file input-v4.txt (compact mmCIF, C-alpha atoms)
# COMPACT_ATOMS: atom_id res chain seq x y z
CA MET A 63 0.00 0.00 0.00
CA SER A 64 2.96 2.34 0.47
CA SER A 65 3.40 2.34 -3.33
CA ASP A 66 -0.01 4.01 -3.68
CA THR A 67 -0.45 7.74 -3.73
CA ILE A 68 -3.03 8.82 -1.17
CA ALA A 69 -5.36 11.82 -1.26
CA ALA A 70 -7.68 13.29 1.36
CA LEU A 71 -9.34 16.44 2.58
CA ALA A 72 -6.99 17.81 5.26
CA SER A 73 -9.21 20.66 6.47
CA GLY A 74 -12.68 20.75 7.97
CA PRO A 75 -15.70 19.55 6.01
CA PRO A 76 -17.16 21.96 3.43
CA PRO A 77 -18.66 24.41 2.99
CA ALA A 78 -15.77 26.61 4.07
CA ALA A 79 -13.83 29.63 2.83
CA VAL A 80 -10.85 27.41 1.93
CA SER A 81 -10.48 23.63 1.78
CA VAL A 82 -7.13 21.86 1.59
CA ILE A 83 -6.58 18.51 -0.14
CA ARG A 84 -3.30 16.69 0.45
CA LEU A 85 -1.59 14.08 -1.71
CA SER A 86 1.38 11.96 -0.70
CA GLY A 87 3.21 9.27 -2.62
CA PRO A 88 5.14 8.57 -5.80
CA ALA A 89 2.44 9.94 -8.11
CA ALA A 90 1.76 13.14 -6.16
CA LEU A 91 3.71 15.46 -8.46
CA SER A 92 2.47 13.82 -11.66
CA SER A 93 -1.09 14.03 -10.35
CA LEU A 94 -0.64 17.77 -9.83
CA ALA A 95 0.66 18.07 -13.37
CA ALA A 96 -2.35 16.13 -14.66
CA LEU A 97 -4.78 18.51 -12.94
CA THR A 98 -2.96 21.70 -13.99
CA GLY A 99 -2.08 20.55 -17.49
CA GLY A 100 1.50 21.72 -17.09
CA PRO A 101 4.72 21.22 -15.15
CA ALA A 102 4.76 21.36 -11.36
CA PRO A 103 5.27 24.86 -9.91
CA PRO A 104 8.52 25.74 -8.12
CA PRO A 105 8.93 23.64 -4.95
CA ARG A 106 7.53 24.97 -1.69
CA ARG A 107 5.96 28.01 -3.32
CA LEU A 108 2.22 28.68 -3.57
CA SER A 109 1.17 29.18 -7.19
CA LEU A 110 -2.21 29.99 -8.72
CA ARG A 111 -3.37 27.33 -11.18
CA THR A 112 -6.58 26.32 -12.92
CA LEU A 113 -7.45 22.73 -12.06
CA ARG A 114 -9.15 20.60 -14.72
CA ASP A 115 -10.50 17.07 -14.69
CA PRO A 116 -7.93 15.07 -16.73
CA ARG A 117 -10.73 12.89 -18.12
CA ASP A 118 -12.55 15.61 -20.05
CA ALA A 119 -10.71 18.91 -19.29
CA THR A 120 -13.70 20.22 -17.30
CA PRO A 121 -12.63 23.20 -15.13
CA LEU A 122 -12.83 22.32 -11.43
CA ASP A 123 -11.45 25.37 -9.62
CA ASN A 124 -8.90 28.16 -9.61
CA ALA A 125 -6.69 27.10 -6.72
CA LEU A 126 -3.41 27.77 -4.97
CA VAL A 127 -1.18 24.72 -5.25
CA VAL A 128 2.15 23.86 -3.64
CA ALA A 129 4.53 20.95 -4.25
CA PHE A 130 6.94 19.49 -1.68
CA PRO A 131 9.42 17.04 -3.27
CA GLY A 132 10.42 14.22 -0.91
CA PRO A 133 12.03 12.97 1.19
CA GLY A 134 12.26 16.19 3.23
CA THR A 135 8.50 16.48 3.73
CA ALA A 136 6.03 15.82 6.52
CA SER A 137 5.34 12.31 5.19
CA GLY A 138 8.84 11.57 3.88
CA GLU A 139 7.40 11.31 0.33
CA ASP A 140 6.51 13.68 -2.49
CA LEU A 141 3.69 15.80 -1.09
CA VAL A 142 1.19 18.16 -2.72
CA GLU A 143 -1.39 20.51 -1.24
CA LEU A 144 -4.32 21.99 -3.15
CA HIS A 145 -5.91 25.07 -1.52
CA LEU A 146 -9.39 25.16 -3.01
CA HIS A 147 -12.55 27.21 -2.69
CA GLY A 148 -14.35 25.30 0.03
CA GLY A 149 -17.55 24.31 -1.69
CA VAL A 150 -18.94 20.79 -1.52
CA ALA A 151 -19.01 20.40 -5.30
CA VAL A 152 -15.45 21.73 -5.68
CA VAL A 153 -13.96 19.37 -3.10
CA SER A 154 -15.86 16.31 -4.28
CA GLY A 155 -15.03 17.07 -7.92
CA VAL A 156 -11.30 17.42 -7.29
CA LEU A 157 -11.17 14.24 -5.17
CA ALA A 158 -13.08 12.33 -7.86
CA ALA A 159 -10.65 13.55 -10.53
CA LEU A 160 -7.63 12.62 -8.41
CA THR A 161 -8.80 9.12 -7.53
CA ALA A 162 -9.53 8.44 -11.20
CA LEU A 163 -5.79 8.78 -11.88
CA PRO A 164 -3.68 5.58 -11.89
CA GLY A 165 -2.22 4.70 -8.49
CA VAL A 166 -4.18 7.34 -6.53
CA ARG A 167 -6.71 6.41 -3.86
CA LEU A 168 -8.38 7.96 -0.82
CA ALA A 169 -6.29 7.84 2.35
CA LEU A 170 -7.13 5.72 5.37
CA PRO A 171 -7.44 7.32 8.85
CA GLY A 172 -4.02 8.47 10.02
CA GLU A 173 -2.26 7.23 6.89
CA PHE A 174 -0.32 10.45 6.23
CA THR A 175 1.12 10.35 9.76
CA ARG A 176 1.73 6.61 9.56
CA ARG A 177 3.83 7.15 6.47
CA ALA A 178 5.76 9.84 8.33
CA PHE A 179 6.49 7.28 11.07
CA THR A 180 7.40 4.55 8.57
CA ASN A 181 9.73 6.90 6.71
CA GLY A 182 11.47 8.06 9.89
CA ARG A 183 10.11 11.61 9.91
CA MET A 184 8.78 11.15 13.46
CA ASP A 185 8.85 8.47 16.12
CA LEU A 186 5.86 6.80 17.76
CA ALA A 187 5.78 9.03 20.83
CA GLN A 188 5.74 12.08 18.57
CA VAL A 189 2.87 10.52 16.59
CA GLU A 190 0.91 10.17 19.83
CA GLY A 191 1.69 13.79 20.59
CA ILE A 192 0.23 14.85 17.24
CA ALA A 193 -2.92 12.84 17.98
CA ASP A 194 -3.17 14.53 21.39
CA LEU A 195 -2.64 17.94 19.78
CA VAL A 196 -5.52 17.37 17.36
CA ALA A 197 -7.74 16.30 20.27
CA ALA A 198 -6.61 19.04 22.70
CA GLU A 199 -9.44 21.15 24.09
CA THR A 200 -7.60 23.23 26.70
CA ALA A 201 -4.37 25.21 26.87
CA GLY A 202 -2.87 22.70 29.32
CA GLN A 203 -3.61 19.78 26.99
CA ARG A 204 -2.13 21.73 24.08
CA ARG A 205 1.12 22.42 25.95
CA SER A 206 1.45 18.79 26.98
CA ALA A 207 0.74 17.56 23.44
CA MET A 208 3.24 20.03 21.97
CA ALA A 209 5.96 18.76 24.31
CA LEU A 210 5.25 15.14 23.35
CA ALA A 211 5.03 15.93 19.62
CA GLY A 212 8.27 17.91 19.90
CA GLY A 213 10.13 14.81 21.08
CA ALA A 214 10.62 15.65 24.79
CA LEU A 215 9.71 12.14 25.96
CA SER A 216 11.63 10.45 23.15
CA ARG A 217 14.80 12.39 23.98
CA SER A 218 14.53 11.43 27.65
CA ALA A 219 13.91 7.77 26.80
CA ASP A 220 16.84 7.74 24.37
CA SER A 221 19.10 9.32 27.00
CA TRP A 222 18.17 6.68 29.59
CA ARG A 223 18.58 3.94 26.99
CA SER A 224 22.05 5.24 26.13
CA ARG A 225 23.03 5.20 29.80
CA CYS A 226 21.73 1.63 30.04
CA LEU A 227 23.88 0.57 27.14
CA ASP A 228 26.94 2.23 28.70
CA ILE A 229 26.38 0.29 31.93
CA LEU A 230 25.75 -2.85 29.87
CA ALA A 231 29.13 -2.41 28.22
CA GLU A 232 30.71 -2.17 31.66
CA ALA A 233 28.83 -5.29 32.76
CA GLU A 234 30.15 -7.13 29.73
CA ALA A 235 33.64 -5.94 30.65
CA GLY A 236 33.09 -7.23 34.16
CA LEU A 237 32.60 -10.70 32.73
CA ASP A 238 36.06 -10.51 31.18
CA PHE A 239 37.67 -9.51 34.48
CA ALA A 240 35.56 -11.71 36.76
CA GLU A 241 38.09 -14.51 37.17
CA ASP A 242 41.55 -13.06 36.49
CA GLU A 243 41.29 -9.58 38.04
CA ALA A 244 38.78 -9.68 40.85
CA ASP A 245 39.63 -6.19 42.16
CA VAL A 246 38.89 -4.61 38.76
CA ALA A 247 35.62 -6.54 38.54
CA SER A 248 34.70 -5.36 42.05
CA ARG A 249 35.23 -1.70 41.16
CA ILE A 250 33.19 -2.09 37.97
CA ASP A 251 30.43 -3.77 39.96
CA GLU A 252 30.27 -0.98 42.56
CA ALA A 253 30.24 1.79 39.96
CA ALA A 254 27.53 0.04 37.94
CA ARG A 255 25.34 -0.47 41.01
CA ASP A 256 25.54 3.25 41.88
CA GLN A 257 24.61 4.23 38.34
CA LEU A 258 21.73 1.77 38.29
CA LEU A 259 20.31 3.05 41.56
CA THR A 260 20.50 6.61 40.22
CA LEU A 261 18.61 5.56 37.11
CA VAL A 262 15.96 3.78 39.16
CA ALA A 263 15.42 6.86 41.34
CA GLU A 264 14.97 9.07 38.27
CA LEU A 265 12.46 6.66 36.74
CA GLN A 266 10.50 6.32 39.95
CA ALA A 267 10.17 10.10 40.16
CA LEU A 268 8.91 10.15 36.58
CA ILE A 269 6.43 7.34 37.19
CA ALA A 270 5.15 9.06 40.34
CA ASP A 271 4.22 12.07 38.18
CA ALA A 272 2.30 9.93 35.68
CA ALA A 273 -1.04 10.41 37.46
CA ARG A 274 -0.77 14.16 36.92
CA GLY A 275 -0.17 13.55 33.22
CA GLN A 276 -3.21 11.28 32.94
CA ARG A 277 -5.41 13.88 34.67
CA LEU A 278 -4.12 16.64 32.40
CA ARG A 279 -4.77 14.59 29.27
CA ASN A 280 -8.12 13.07 30.30
CA GLY A 281 -9.39 15.87 32.52
CA LEU A 282 -10.07 16.20 36.26
CA THR A 283 -13.30 14.81 37.67
CA ILE A 284 -15.40 16.89 40.06
CA THR A 285 -18.45 15.17 41.53
CA VAL A 286 -21.33 17.17 43.01
CA THR A 287 -23.10 15.27 45.79
CA GLY A 288 -25.70 16.05 48.43
CA PRO A 289 -29.31 15.39 49.45
CA PRO A 290 -32.16 15.63 46.91
CA ASN A 291 -33.33 19.07 45.81
CA VAL A 292 -30.40 21.07 47.19
CA GLY A 293 -29.65 22.37 43.68
CA LYS A 294 -26.94 20.04 42.37
CA SER A 295 -28.19 20.13 38.79
CA SER A 296 -28.70 23.90 38.94
CA LEU A 297 -25.13 24.36 40.23
CA VAL A 298 -23.68 22.22 37.41
CA ASN A 299 -25.64 24.18 34.84
CA MET A 300 -24.61 27.53 36.33
CA LEU A 301 -20.90 26.63 36.56
CA THR A 302 -20.80 25.34 32.96
CA ASN A 303 -23.13 27.95 31.45
CA SER A 304 -25.22 25.16 30.00
CA ASP A 305 -28.58 23.44 30.34
CA ALA A 306 -27.17 19.91 30.45
CA ALA A 307 -28.77 18.73 33.70
CA ILE A 308 -32.56 18.55 34.10
CA VAL A 309 -33.84 20.78 36.91
CA THR A 310 -37.24 20.13 38.52
CA PRO A 311 -38.71 20.57 42.00
CA ILE A 312 -39.32 16.80 42.12
CA ALA A 313 -36.90 14.95 44.40
CA GLY A 314 -34.96 12.16 42.70
CA THR A 315 -35.03 13.66 39.19
CA THR A 316 -31.38 12.80 38.57
CA ARG A 317 -30.74 9.03 38.49
CA ASP A 318 -27.70 8.31 36.31
CA PRO A 319 -24.59 10.52 36.75
CA ILE A 320 -24.52 13.33 34.18
CA GLU A 321 -21.08 14.47 32.98
CA VAL A 322 -20.60 18.04 31.73
CA PRO A 323 -17.18 19.27 30.52
CA ILE A 324 -15.74 22.49 31.90
CA ASP A 325 -12.56 24.44 31.12
CA LEU A 326 -10.96 25.73 34.32
CA ASP A 327 -8.40 28.29 33.15
CA GLY A 328 -6.87 25.95 30.62
CA VAL A 329 -7.35 22.75 32.62
CA ALA A 330 -9.92 20.26 31.34
CA ALA A 331 -12.39 18.95 33.91
CA VAL A 332 -15.73 17.16 34.04
CA LEU A 333 -18.48 18.16 36.45
CA ILE A 334 -20.58 15.15 37.43
CA ASP A 335 -24.15 15.69 38.59
CA THR A 336 -25.32 12.76 40.72
CA ALA A 337 -28.45 11.38 42.32
CA GLY A 338 -29.52 12.90 45.62
CA LEU A 339 -28.26 10.97 48.64
CA ARG A 340 -31.04 9.64 50.86
CA ASP A 341 -32.65 6.40 52.04
CA THR A 342 -35.14 5.14 49.46
CA GLU A 343 -37.22 2.07 48.65
CA ASP A 344 -37.18 2.90 44.92
CA ALA A 345 -34.86 0.34 43.29
CA ILE A 346 -33.96 2.62 40.37
CA GLU A 347 -33.19 5.62 42.59
CA ALA A 348 -31.20 3.37 44.96
CA GLU A 349 -29.04 2.25 42.03
CA GLY A 350 -28.48 5.89 41.09
CA ILE A 351 -27.39 6.65 44.67
CA ARG A 352 -25.01 3.69 44.61
CA ARG A 353 -23.46 5.00 41.42
CA ALA A 354 -23.25 8.50 42.90
CA ARG A 355 -21.22 7.18 45.85
CA LEU A 356 -18.89 5.30 43.49
CA ARG A 357 -18.28 8.39 41.36
CA ALA A 358 -17.60 10.47 44.44
CA ALA A 359 -15.09 7.91 45.73
CA ALA A 360 -13.19 7.98 42.42
CA ALA A 361 -13.35 11.76 41.85
CA ASP A 362 -10.43 14.16 42.10
CA LEU A 363 -12.67 16.57 44.04
CA VAL A 364 -16.09 16.27 45.67
CA ILE A 365 -18.41 19.26 46.06
CA HIS A 366 -20.71 18.57 49.00
CA LEU A 367 -23.79 20.72 48.37
CA VAL A 368 -26.30 21.64 51.09
CA ASP A 369 -29.09 24.23 51.31
CA HIS A 370 -28.78 25.29 54.93
CA TRP A 371 -26.24 26.74 57.32
CA PRO A 372 -24.68 25.80 59.64
CA ALA A 373 -23.85 22.39 58.15
CA GLU A 374 -21.39 19.67 59.01
CA HIS A 375 -18.16 20.02 57.06
CA PRO A 376 -17.32 16.78 55.22
CA ASP A 377 -14.07 14.87 55.46
CA GLY A 378 -12.45 15.74 52.16
CA GLY A 379 -13.87 17.80 49.36
CA ILE A 380 -15.42 21.23 49.78
CA LEU A 381 -18.67 22.35 51.34
CA VAL A 382 -20.94 24.61 49.28
CA VAL A 383 -24.09 26.17 50.75
CA ASN A 384 -26.73 26.87 48.10
CA LYS A 385 -29.93 28.97 48.05
CA ILE A 386 -28.46 31.94 49.90
CA ASP A 387 -31.02 34.05 48.05
CA LEU A 388 -33.62 32.47 50.36
CA GLY A 389 -31.88 33.39 53.62
CA ASP A 390 -29.25 35.56 55.30
CA TYR A 391 -25.88 33.81 55.49
CA ALA A 392 -22.64 35.26 56.75
CA PRO A 393 -19.66 33.99 54.74
CA SER A 394 -17.21 31.72 56.55
CA THR A 395 -14.26 33.66 57.91
CA ASP A 396 -11.73 30.97 57.01
CA GLY A 397 -12.86 30.46 53.41
CA SER A 398 -13.58 26.78 53.99
CA VAL A 399 -17.24 27.13 52.97
CA HIS A 400 -18.62 28.61 49.74
CA PHE A 401 -22.01 30.35 49.70
CA VAL A 402 -23.88 30.50 46.38
CA SER A 403 -27.21 30.88 44.71
CA ALA A 404 -27.34 28.44 41.81
CA THR A 405 -30.43 30.17 40.43
CA ARG A 406 -29.49 33.83 40.84
CA GLY A 407 -25.73 33.45 40.41
CA ASP A 408 -24.50 34.83 43.74
CA GLY A 409 -21.06 33.45 44.64
CA ILE A 410 -20.72 31.44 41.41
CA ARG A 411 -17.83 33.51 40.07
CA ALA A 412 -15.90 33.11 43.34
CA LEU A 413 -16.57 29.35 43.42
CA ARG A 414 -15.45 28.99 39.82
CA ARG A 415 -12.30 30.96 40.63
CA TRP A 416 -11.57 28.63 43.55
CA LEU A 417 -12.10 25.58 41.33
CA ALA A 418 -9.74 27.01 38.69
CA ASP A 419 -7.05 27.69 41.31
CA TRP A 420 -7.46 24.16 42.66
CA ALA A 421 -7.24 22.66 39.16
CA VAL A 422 -4.09 24.60 38.30
CA SER A 423 -2.41 23.57 41.57
CA ALA A 424 -3.40 19.91 41.00
CA ILE A 425 -2.21 19.73 37.39
CA ARG A 426 0.48 22.44 37.09
CA PRO A 427 -0.39 22.82 33.37
CA THR A 428 2.56 25.13 32.67
CA GLU A 429 4.89 22.23 33.58
CA PRO A 430 3.96 19.62 30.95
CA PRO A 431 4.38 16.12 32.43
CA LEU A 432 6.42 13.65 30.41
CA LEU A 433 4.07 10.73 31.01
CA THR A 434 0.51 11.17 29.74
CA HIS A 435 -0.13 7.75 28.14
CA ALA A 436 -0.55 4.40 29.86
CA ARG A 437 1.69 2.81 27.22
CA HIS A 438 4.57 5.09 28.17
CA ARG A 439 4.03 4.54 31.89
CA ASP A 440 4.02 0.75 31.45
CA ALA A 441 7.29 0.87 29.49
CA PHE A 442 9.01 2.94 32.18
CA ILE A 443 7.67 0.68 34.93
CA ASP A 444 9.16 -2.31 33.07
CA ALA A 445 12.47 -0.48 32.70
CA ALA A 446 12.58 0.52 36.37
CA ALA A 447 11.83 -3.04 37.50
CA ALA A 448 14.53 -4.48 35.24
CA LEU A 449 17.08 -1.93 36.48
CA SER A 450 16.17 -2.60 40.11
CA ASP A 451 16.77 -6.31 39.54
CA ALA A 452 20.06 -5.54 37.80
CA ALA A 453 21.20 -3.39 40.74
CA ALA A 454 20.26 -6.09 43.26
CA THR A 455 22.28 -8.92 41.71
CA ASP A 456 26.00 -9.63 41.91
CA ASP A 457 25.84 -11.88 38.86
CA PHE A 458 27.21 -10.07 35.81
CA VAL A 459 25.21 -12.28 33.45
CA LEU A 460 21.90 -11.53 35.20
CA ARG A 461 22.77 -7.84 35.38
CA ALA A 462 23.48 -7.74 31.66
CA GLU A 463 20.17 -9.43 30.95
CA GLY A 464 18.31 -6.89 33.11
CA LEU A 465 20.00 -4.01 31.31
CA ARG A 466 19.05 -5.45 27.92
CA HIS A 467 15.43 -5.73 29.09
CA ALA A 468 15.46 -2.10 30.28
CA ALA A 469 17.02 -0.87 27.02
CA HIS A 470 14.29 -2.74 25.12
CA ALA A 471 11.60 -1.06 27.26
CA PHE A 472 13.06 2.38 26.55
CA GLY A 473 13.09 1.55 22.83
CA ARG A 474 9.35 0.86 22.93
CA ILE A 475 8.66 4.52 23.76
CA ALA A 476 9.79 5.85 20.39
CA GLY A 477 8.62 2.74 18.55
CA ARG A 478 12.07 1.43 17.79
CA VAL A 479 11.25 -2.08 19.03
CA GLY A 480 8.23 -4.27 19.79
CA VAL A 481 5.33 -1.94 18.96
CA ASP A 482 3.69 -3.65 16.00
CA ASP A 483 0.70 -4.60 18.16
CA VAL A 484 -0.10 -0.98 19.05
CA LEU A 485 0.37 0.71 15.67
CA ASP A 486 -3.14 0.10 14.32
CA ARG A 487 -4.72 1.24 17.58
CA ILE A 488 -2.73 4.48 17.65
CA PHE A 489 -3.28 5.48 14.02
CA SER A 490 -6.99 4.67 14.13
CA ARG A 491 -7.40 7.72 16.41
CA PHE A 492 -6.52 10.07 13.52
CA CYS A 493 -8.92 11.62 11.05
CA ILE A 494 -8.78 10.72 7.34
CA GLY A 495 -6.63 13.66 6.22
CA LYS A 496 -4.05 13.33 8.97
call {"tool": "encode", "arguments": {"input": "input-v4.txt", "output": "structure tokens"}}
result
Amino acid sequence: MSSDTIAALASGPPPAAVSVIRLSGPAALSSLAALTGGPAPPPRRLSLRTLRDPRDATPLDNALVVAFPGPGTASGEDLVELHLHGGVAVVSGVLAALTALPGVRLALPGEFTRRAFTNGRMDLAQVEGIADLVAAETAGQRRSAMALAGGALSRSADSWRSRCLDILAEAEAGLDFAEDEADVASRIDEAARDQLLTLVAELQALIADAARGQRLRNGLTITVTGPPNVGKSSLVNMLTNSDAAIVTPIAGTTRDPIEVPIDLDGVAAVLIDTAGLRDTEDAIEAEGIRRARLRAAAADLVIHLVDHWPAEHPDGGILVVNKIDLGDYAPSTDGSVHFVSATRGDGIRALRRWLADWAVSAIRPTEPPLLTHARHRDAFIDAAAALSDAAATDDFVLRAEGLRHAAHAFGRIAGRVGVDDVLDRIFSRFCIGK
């Protein structure tokens, strides 16, 4: 399939002001010539051309075209972009004309990026960073994705792998000295153990930060709990400026947890509206309450909502007193309680500000974490375990084997070894034109 030339819409669906079609492969430049009826324009320079259907010379569009001869392109192959007027008929007509040419077909999801990986233009961790960048919804997710796509994790993994190989070379040397020069072997063994323990400590610190990376990538979870009819759904709607949760005066309206996304100053989060907590004989409501307790137990933060003051402060989470428009409440002097009106809006801005400050302190989005994918975390855990075993043994053969295992785990990060089973899963996340 790599001998095919692929074509796809690389911009959003029409209608649009401008639509971009990309081609990559051995017939990309000749396909451009077929549509323009002349030689390719100067490389890497936008040129205005009239595009015609090669089958009958029907005019398709007046477009800006640009040619990128390989291999120094995004895909590592000859690459062409057609900047068209973004009408449905224009885009469909150009794609139909292209795919009628010999050796040209529509691209599969992620195929442009997969070719970039195959041709050595980016490694697998960078590919995952590109996928994260396309999916990023907040500034924090964008920064993290940019760091991954820019090769930050790959460079760290390659550095650790290089250090592993250096220690492995010393371990191999230790085998040569093991019998004849015991004192030399002893010094090599001591130095290697110190280096291994240093490596293990660095990896453990990285792995410990993985949870922050997962929360930044997937979003924080904030569960709103409390008795029925205290205004949980109203609070979720007010905080997210939406009408996602149904609000009625009937107790027990909310049964299943309702998730509503919220951007807290560049940090992605999900507000979860849950069933009111109370004793009930209704089997369906009881199941909703059970699920509410489970979501609260797994949440990064729990908002305990009540509609009266004073109220018992919960263990963990924050206490929010709602319906202050119906009574006279004096704000807490220590800031441990938030007073709001989820219908009128009193105190909502301050509560949202507190949530944003909490989210930023929990995630530290300006410090992009290296580990944001479970695949990366698992590889580093394998490497740390292998290095710990290597440091614990006095046997040079076992140490060398542990170092080889760790070097292999580091190689999995960038896709240099043992990643065939994850390629299809990763590239399936991309859109057609990427």
call {"tool": "closest_atom_pairs", "arguments": {"input": "input-v4.txt", "of": "range 73-110 of chain A", "to": "range 163-171 of chain A", "cutoff": "9 Å", "atoms": "only C-alpha atoms", "output": "JSON lines"}}
result
{"residue": "A:Leu85", "atom": "CA", "partner": "A:Val166", "partner_atom": "CA", "distance": 8.7}
{"residue": "A:Gly87", "atom": "CA", "partner": "A:Val166", "partner_atom": "CA", "distance": 8.6}
{"residue": "A:Pro88", "atom": "CA", "partner": "A:Gly165", "partner_atom": "CA", "distance": 8.7}
{"residue": "A:Ala89", "atom": "CA", "partner": "A:Gly165", "partner_atom": "CA", "distance": 7.0}
{"residue": "A:Ala90", "atom": "CA", "partner": "A:Val166", "partner_atom": "CA", "distance": 8.3}
{"residue": "A:Ser93", "atom": "CA", "partner": "A:Leu163", "partner_atom": "CA", "distance": 7.2}
{"residue": "A:Ala96", "atom": "CA", "partner": "A:Leu163", "partner_atom": "CA", "distance": 8.6}
call {"tool": "residues_around", "arguments": {"input": "input-v4.txt", "residues": "Leu268 in chain A", "least_positions_apart": "2", "cutoff": "12 Å", "atoms": "all atoms listed in the file", "output": "PyMOL selection string"}}
result
chain A and resi 215+218-219+261-266+270-275+431-434+438-443+445-446
call {"tool": "write_last_selection", "arguments": {"input": "input-v4.txt", "atoms": "C-alpha atoms", "output": "compact mmCIF listing (two decimals), in the coordinates of the input"}}
result
# COMPACT_ATOMS: atom_id res chain seq x y z
CA LEU A 215 9.71 12.14 25.96
CA SER A 218 14.53 11.43 27.65
CA ALA A 219 13.91 7.77 26.80
CA LEU A 261 18.61 5.56 37.11
CA VAL A 262 15.96 3.78 39.16
CA ALA A 263 15.42 6.86 41.34
CA GLU A 264 14.97 9.07 38.27
CA LEU A 265 12.46 6.66 36.74
CA GLN A 266 10.50 6.32 39.95
CA ALA A 270 5.15 9.06 40.34
CA ASP A 271 4.22 12.07 38.18
CA ALA A 272 2.30 9.93 35.68
CA ALA A 273 -1.04 10.41 37.46
CA ARG A 274 -0.77 14.16 36.92
CA GLY A 275 -0.17 13.55 33.22
CA PRO A 431 4.38 16.12 32.43
CA LEU A 432 6.42 13.65 30.41
CA LEU A 433 4.07 10.73 31.01
CA THR A 434 0.51 11.17 29.74
CA HIS A 438 4.57 5.09 28.17
CA ARG A 439 4.03 4.54 31.89
CA ASP A 440 4.02 0.75 31.45
CA ALA A 441 7.29 0.87 29.49
CA PHE A 442 9.01 2.94 32.18
CA ILE A 443 7.67 0.68 34.93
CA ALA A 445 12.47 -0.48 32.70
CA ALA A 446 12.58 0.52 36.37
call {"tool": "atom_distance", "arguments": {"input": "input-v4.txt", "atom1": "CA of Ala418 in chain A", "atom2": "CA of Val292 in chain A"}}
result
23.1 Å
call {"tool": "residues_around", "arguments": {"input": "input-v4.txt", "residues": "range 412-417 of chain A", "least_positions_apart": "3", "cutoff": "10 Å", "atoms": "only C-alpha atoms", "output": "PyMOL selection string"}}
result
chain A and resi 284+300-302+326-327+331+363+382+399-402+408-409+420-423
call {"tool": "residues_around", "arguments": {"input": "input-v4.txt", "residues": "Glu139 in chain A", "least_positions_apart": "2", "cutoff": "12 Å", "atoms": "all atoms listed in the file", "output": "ChimeraX atom specification"}}
result
/A:64-68,84-91,129-137,141-142,174-183
call {"tool": "write_last_selection", "arguments": {"input": "input-v4.txt", "atoms": "C-alpha atoms", "output": "short mmCIF file (atom, residue, chain, number, x, y, z; two decimals), in the coordinates of the input"}}
result
data_model
loop_
_atom_site.label_atom_id
_atom_site.label_comp_id
_atom_site.auth_asym_id
_atom_site.auth_seq_id
_atom_site.Cartn_x
_atom_site.Cartn_y
_atom_site.Cartn_z
CA SER A 64 2.96 2.34 0.47
CA SER A 65 3.40 2.34 -3.33
CA ASP A 66 -0.01 4.01 -3.68
CA THR A 67 -0.45 7.74 -3.73
CA ILE A 68 -3.03 8.82 -1.17
CA ARG A 84 -3.30 16.69 0.45
CA LEU A 85 -1.59 14.08 -1.71
CA SER A 86 1.38 11.96 -0.70
CA GLY A 87 3.21 9.27 -2.62
CA PRO A 88 5.14 8.57 -5.80
CA ALA A 89 2.44 9.94 -8.11
CA ALA A 90 1.76 13.14 -6.16
CA LEU A 91 3.71 15.46 -8.46
CA ALA A 129 4.53 20.95 -4.25
CA PHE A 130 6.94 19.49 -1.68
CA PRO A 131 9.42 17.04 -3.27
CA GLY A 132 10.42 14.22 -0.91
CA PRO A 133 12.03 12.97 1.19
CA GLY A 134 12.26 16.19 3.23
CA THR A 135 8.50 16.48 3.73
CA ALA A 136 6.03 15.82 6.52
CA SER A 137 5.34 12.31 5.19
CA LEU A 141 3.69 15.80 -1.09
CA VAL A 142 1.19 18.16 -2.72
CA PHE A 174 -0.32 10.45 6.23
CA THR A 175 1.12 10.35 9.76
CA ARG A 176 1.73 6.61 9.56
CA ARG A 177 3.83 7.15 6.47
CA ALA A 178 5.76 9.84 8.33
CA PHE A 179 6.49 7.28 11.07
CA THR A 180 7.40 4.55 8.57
CA ASN A 181 9.73 6.90 6.71
CA GLY A 182 11.47 8.06 9.89
CA ARG A 183 10.11 11.61 9.91
#
call {"tool": "atom_distance", "arguments": {"input": "input-v4.txt", "atom1": "CA of Ala453 in chain A", "atom2": "CA of Leu227 in chain A"}}
result
14.4 Å
call {"tool": "residues_around", "arguments": {"input": "input-v4.txt", "residues": "range 109-125 of chain A", "least_positions_apart": "4", "cutoff": "6 Å", "atoms": "only C-alpha atoms", "output": "PyMOL selection string"}}
result
chain A and resi 97-98+145-146+159
call {"tool": "closest_atom_pairs", "arguments": {"input": "input-v4.txt", "of": "range 321-437 of chain A", "to": "range 199-213 of chain A", "cutoff": "7 Å", "atoms": "all atoms listed in the file", "output": "Markdown table"}}
result
| residue | atom | partner | partner_atom | distance |
| --- | --- | --- | --- | --- |
| A:Asp325 | CA | A:Thr200 | CA | 6.8 |
| A:Gly328 | CA | A:Ala201 | CA | 4.6 |
| A:Val329 | CA | A:Gly202 | CA | 5.6 |
| A:Ala330 | CA | A:Thr200 | CA | 6.0 |
| A:Pro427 | CA | A:Gly202 | CA | 4.8 |
| A:Thr428 | CA | A:Gly202 | CA | 6.8 |
| A:Pro430 | CA | A:Ser206 | CA | 4.8 |
| A:Pro431 | CA | A:Ser206 | CA | 6.7 |
call {"tool": "atom_distance", "arguments": {"input": "input-v4.txt", "atom1": "CA of Arg466 in chain A", "atom2": "CA of Thr260 in chain A"}}
result
17.3 Å
call {"tool": "closest_residue", "arguments": {"input": "input-v4.txt", "among": "A:Pro77, A:Gly477, A:Gly378, A:Gly99", "to": "Met184 in chain A", "atoms": "only C-alpha atoms"}}
result
A:Gly477
call {"tool": "residues_near_point", "arguments": {"input": "input-v4.txt", "point": "(-16.3, 28.0, 2.1)", "cutoff": "8 Å", "atoms": "all atoms listed in the file", "output": "PyMOL selection string"}}
result
chain A and resi 76-81+147-149
